[in-house]
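Containing CSV, C-alpha atoms: upload11.csv.
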```
chain,number,residue,atom,x,y,z
A,1,MET,CA,80.4,137.8,73.8
A,2,THR,CA,79.5,134.3,72.4
A,3,GLU,CA,77.4,131.8,74.3
A,4,LYS,CA,79.2,128.6,75.2
A,5,LEU,CA,77.8,125.5,73.4
A,6,PHE,CA,77.5,122.7,76.0
A,7,GLU,CA,76.9,119.0,75.1
A,8,LYS,CA,75.6,116.1,77.0
A,9,ALA,CA,77.3,112.7,77.6
A,10,THR,CA,75.6,109.8,79.4
A,11,PHE,CA,77.5,106.9,80.9
A,12,ALA,CA,76.4,103.9,83.0
A,13,GLY,CA,79.2,102.5,85.2
A,14,GLY,CA,77.6,100.7,88.0
A,15,CYS,CA,76.7,102.6,91.2
A,16,PHE,CA,76.3,106.3,90.2
A,17,TRP,CA,77.7,107.4,93.5
A,18,CYS,CA,81.2,106.4,92.3
A,19,MET,CA,80.8,107.9,88.8
A,20,VAL,CA,80.2,111.5,89.7
A,21,LYS,CA,83.5,112.6,91.3
A,22,PRO,CA,85.9,111.7,88.5
A,23,PHE,CA,84.0,113.8,86.0
A,24,ASP,CA,83.0,116.6,88.4
A,25,GLU,CA,86.6,117.5,89.0
A,26,GLN,CA,87.5,118.1,85.4
A,27,PRO,CA,87.7,121.5,83.6
A,28,GLY,CA,84.9,122.3,81.3
A,29,ILE,CA,82.4,120.2,83.2
A,30,LYS,CA,79.3,122.3,83.9
A,31,GLU,CA,77.2,119.6,85.7
A,32,VAL,CA,77.1,115.9,86.5
A,33,ILE,CA,73.7,114.4,87.4
A,34,SER,CA,73.1,110.9,88.8
A,35,GLY,CA,70.0,109.3,87.4
A,36,TYR,CA,68.4,106.5,85.4
A,37,THR,CA,68.2,105.8,81.7
A,38,GLY,CA,67.5,103.1,79.2
A,39,GLY,CA,64.3,101.7,80.8
A,40,ASP,CA,60.6,101.7,80.0
A,41,VAL,CA,59.1,103.3,83.1
A,42,LYS,CA,58.7,107.1,83.3
A,43,ASN,CA,60.2,108.8,86.3
A,44,PRO,CA,61.4,105.6,88.1
A,45,THR,CA,62.4,105.7,91.7
A,46,TYR,CA,65.6,104.2,93.1
A,47,GLN,CA,63.6,101.3,94.6
A,48,GLN,CA,62.0,100.6,91.2
A,49,VAL,CA,65.3,100.6,89.4
A,50,CYS,CA,66.9,98.4,92.0
A,51,SER,CA,64.1,95.9,91.7
A,52,GLU,CA,65.4,95.2,88.2
A,53,THR,CA,61.9,95.5,86.7
A,54,THR,CA,62.2,98.8,84.8
A,55,GLY,CA,65.1,98.1,82.4
A,56,HIS,CA,67.0,101.3,83.6
A,57,TYR,CA,70.7,101.6,84.2
A,58,GLU,CA,72.1,103.8,87.0
A,59,ALA,CA,74.0,106.4,85.0
A,60,VAL,CA,75.5,109.9,85.1
A,61,GLN,CA,74.6,112.6,82.6
A,62,ILE,CA,77.4,115.1,82.1
A,63,THR,CA,77.0,118.6,80.7
A,64,PHE,CA,80.3,119.6,79.3
A,65,ASP,CA,82.1,122.2,77.1
A,66,PRO,CA,83.7,120.2,74.2
A,67,GLU,CA,86.2,122.9,73.6
A,68,VAL,CA,87.6,122.6,77.1
A,69,PHE,CA,87.1,118.8,77.7
A,70,PRO,CA,86.3,116.9,74.5
A,71,TYR,CA,84.0,113.9,74.4
A,72,GLU,CA,87.0,111.7,73.6
A,73,LYS,CA,88.6,112.7,76.9
A,74,LEU,CA,85.4,111.9,78.7
A,75,LEU,CA,85.4,108.4,77.1
A,76,GLU,CA,89.0,107.9,78.3
A,77,LEU,CA,88.1,108.9,81.8
A,78,TYR,CA,85.0,106.7,81.7
A,79,TRP,CA,86.9,103.5,80.8
A,80,GLN,CA,89.2,104.1,83.7
A,81,GLN,CA,86.2,104.1,86.2
A,82,ILE,CA,84.7,100.7,85.3
A,83,ASP,CA,85.4,97.0,84.7
A,84,PRO,CA,84.3,96.9,81.1
A,85,THR,CA,84.7,93.1,81.0
A,86,ASP,CA,81.9,92.4,83.6
A,87,ALA,CA,78.5,91.7,82.1
A,88,GLY,CA,76.8,91.1,85.4
A,89,GLY,CA,77.1,94.5,87.0
A,90,GLN,CA,80.0,96.4,88.6
A,91,PHE,CA,82.1,95.3,91.5
A,92,TYR,CA,79.8,94.7,94.6
A,93,ASP,CA,76.7,95.7,92.7
A,94,ARG,CA,75.1,93.0,90.6
A,95,GLY,CA,72.2,93.1,88.1
A,96,GLN,CA,71.2,94.8,84.9
A,97,SER,CA,70.8,98.3,86.5
A,98,TYR,CA,74.5,98.2,87.4
A,99,GLN,CA,75.8,97.1,84.0
A,100,THR,CA,78.0,99.4,81.9
A,101,ALA,CA,76.9,101.3,78.8
A,102,ILE,CA,77.7,104.4,76.8
A,103,PHE,CA,74.6,106.3,75.7
A,104,TYR,CA,75.4,108.4,72.7
A,105,HIS,CA,73.5,111.6,71.9
A,106,ASN,CA,74.5,111.9,68.2
A,107,GLU,CA,76.4,110.1,65.5
A,108,LYS,CA,79.7,111.7,66.3
A,109,GLN,CA,79.5,110.5,69.9
A,110,LYS,CA,78.5,107.0,68.6
A,111,GLN,CA,81.6,106.9,66.3
A,112,SER,CA,83.9,108.1,69.0
A,113,ALA,CA,82.5,105.5,71.5
A,114,VAL,CA,82.9,102.7,69.0
A,115,GLU,CA,86.5,103.8,68.2
A,116,SER,CA,87.4,104.1,71.9
A,117,LYS,CA,86.0,100.7,72.6
A,118,GLN,CA,88.0,99.2,69.8
A,119,LYS,CA,91.2,100.9,71.0
A,120,LEU,CA,90.6,99.6,74.5
A,121,GLU,CA,90.1,96.1,73.1
A,122,GLU,CA,93.3,96.3,71.1
A,123,THR,CA,95.6,98.1,73.5
A,124,GLY,CA,94.0,98.2,77.0
A,125,PRO,CA,95.0,96.3,80.1
A,126,PHE,CA,92.2,93.6,79.7
A,127,THR,CA,92.5,90.1,78.5
A,128,LYS,CA,88.7,89.3,78.6
A,129,PRO,CA,86.3,90.8,76.0
A,130,ILE,CA,84.9,94.3,76.5
A,131,VAL,CA,81.2,93.9,77.1
A,132,THR,CA,80.2,97.6,77.6
A,133,ARG,CA,77.3,98.3,75.3
A,134,ILE,CA,77.0,101.4,73.1
A,135,LEU,CA,73.4,102.5,72.9
A,136,PRO,CA,71.4,105.5,71.7
A,137,ALA,CA,70.5,107.9,74.5
A,138,SER,CA,67.0,107.8,75.7
A,139,ASP,CA,65.0,109.6,78.4
A,140,PHE,CA,67.2,110.4,81.4
A,141,TYR,CA,65.6,110.8,84.9
A,142,PRO,CA,67.5,112.5,87.7
A,143,ALA,CA,67.8,110.3,90.8
A,144,GLU,CA,66.5,111.5,94.1
A,145,ASP,CA,68.3,114.4,95.7
A,146,TYR,CA,70.1,112.3,98.3
A,147,HIS,CA,71.9,110.6,95.5
A,148,GLN,CA,73.2,113.8,93.9
A,149,HIS,CA,76.9,114.5,94.6
A,150,TYR,CA,77.0,111.7,97.2
A,151,TYR,CA,80.7,112.0,97.5
A,152,LYS,CA,80.4,115.6,98.8
A,153,LYS,CA,77.4,115.0,101.1
A,154,ASN,CA,78.8,111.8,102.7
A,155,PRO,CA,82.5,111.7,102.1
A,156,ASP,CA,83.4,109.0,104.6
A,157,ARG,CA,80.6,106.7,103.4
A,158,TYR,CA,81.6,107.4,99.8
A,159,ILE,CA,85.2,106.4,100.4
A,160,SER,CA,84.2,103.4,102.4
A,161,TYR,CA,81.8,102.2,99.6
A,162,GLN,CA,84.4,102.9,96.9
A,163,THR,CA,87.0,100.8,98.8
A,164,GLY,CA,84.6,98.1,100.1
A,165,SER,CA,83.0,97.5,96.7
A,166,GLY,CA,86.4,96.7,95.1
A,167,ARG,CA,86.2,99.6,92.6
A,168,LYS,CA,89.2,101.5,94.0
A,169,ALA,CA,91.5,98.5,94.0
A,170,PHE,CA,90.4,97.6,90.5
A,171,ILE,CA,91.1,101.1,89.2
A,172,ASN,CA,94.5,101.2,90.9
A,173,LYS,CA,95.5,97.8,89.5
A,174,HIS,CA,94.6,98.6,85.9
A,175,TRP,CA,95.2,102.3,85.7
A,176,GLY,CA,97.6,103.2,88.5
A,177,GLU,CA,97.1,104.8,91.9
A,178,ARG,CA,94.5,107.5,91.8
```
Kindly transcribe the structure held in the file into structure tokens.
Amino acid sequence: MTEKLFEKATFAGGCFWCMVKPFDEQPGIKEVISGYTGGDVKNPTYQQVCSETTGHYEAVQITFDPEVFPYEKLLELYWQQIDPTDAGGQFYDRGQSYQTAIFYHNEKQKQSAVESKQKLEETGPFTKPIVTRILPASDFYPAEDYHQHYYKKNPDRYISYQTGSGRKAFINKHWGER
């Protein structure tokens, strides 16, 4: 029996609470962790990241089986969870820690991310420029336990937040009812 070769993908898409469920429900996904990346403070806390002083993004790190759910499919799903034209944050959440970014783990992921961004710019539903950055992956720090799988632990608050923030309406408008 051969051992499965899992890969990692890291995406910042605003509040990480709303970024877990869409990936968590896909085949070939082993794990989705909410956390912080891209900053210059080791082991930051949620309060530090929200203070906008650490340089971190709220992000999700996905461990996946590329034979079951390829990286290119992860990218397609990622674009459908965010407003890639908003440089100031995502929906209700404002600031650098809520900006969008794709953090690539190798050159193949970088090339795939660049190509998917170009395709979205050429054929996607947006008229404004795509501002999502494509950056090399750096240290990823898991968020506090109460943030992990928030949609399962607090389903009513999750739905309320997703709706109240404007994310759900944006996704439905641009990608159809979900």
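Closest to Asp65 in chain A among A:Gln47, A:Gln90, A:Ser34, A:Gln26 is A:Gln26, based on all atoms listed in the file.
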Review point. Of the candidates A:Ser116, A:Gln162, A:Thr132, A:Thr53, which shows the shortest atom-to-atom distance to Ser97 in chain A, using all atoms listed in the file?
Key: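 Closest candidate: A:Thr53.
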Review point. Which is closer to Thr127 in chain A than all the others in A:Glu25, A:Glu72, A:Glu67, A:Asp83, using all atoms listed in the file?
Key: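 Nearest candidate to Thr127 in chain A out of A:Glu25, A:Glu72, A:Glu67, A:Asp83: A:Asp83.
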**Study point:** Residue nearest His56 in chain A among A:Ser138, A:Asn106, A:Gln80, A:Thr85 (counting only C-alpha atoms)
**Key:**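 Once distances to His56 in chain A are computed over only C-alpha atoms, the minimum belongs to A:Ser138.
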Practice item. For each of A:Pro142, A:Gly164, A:Gly38, A:Gly124, take the minimum atom-to-atom distance to Val60 in chain A, counting all atoms listed in the file, then give the residue where this is smallest. Key: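 Smallest separation from Val60 in chain A among the options: A:Pro142.
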Exercise for review: For Tyr71 in chain A, list every protein, DNA or RNA residue within 8 Å, evaluated using only C-alpha atoms, and leave out those in the same chain fewer than 2 positions away; present the list as a PyMOL selection string.
Suggested key: chain A and resi 9+66+69+73-75+109+112
Practice item. Find the residue from A:Val32, A:Val68, A:Ala113, A:Ile62 that sits nearest to Lys4 in chain A; use only C-alpha atoms when measuring. Key: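 Closest candidate: A:Val68.
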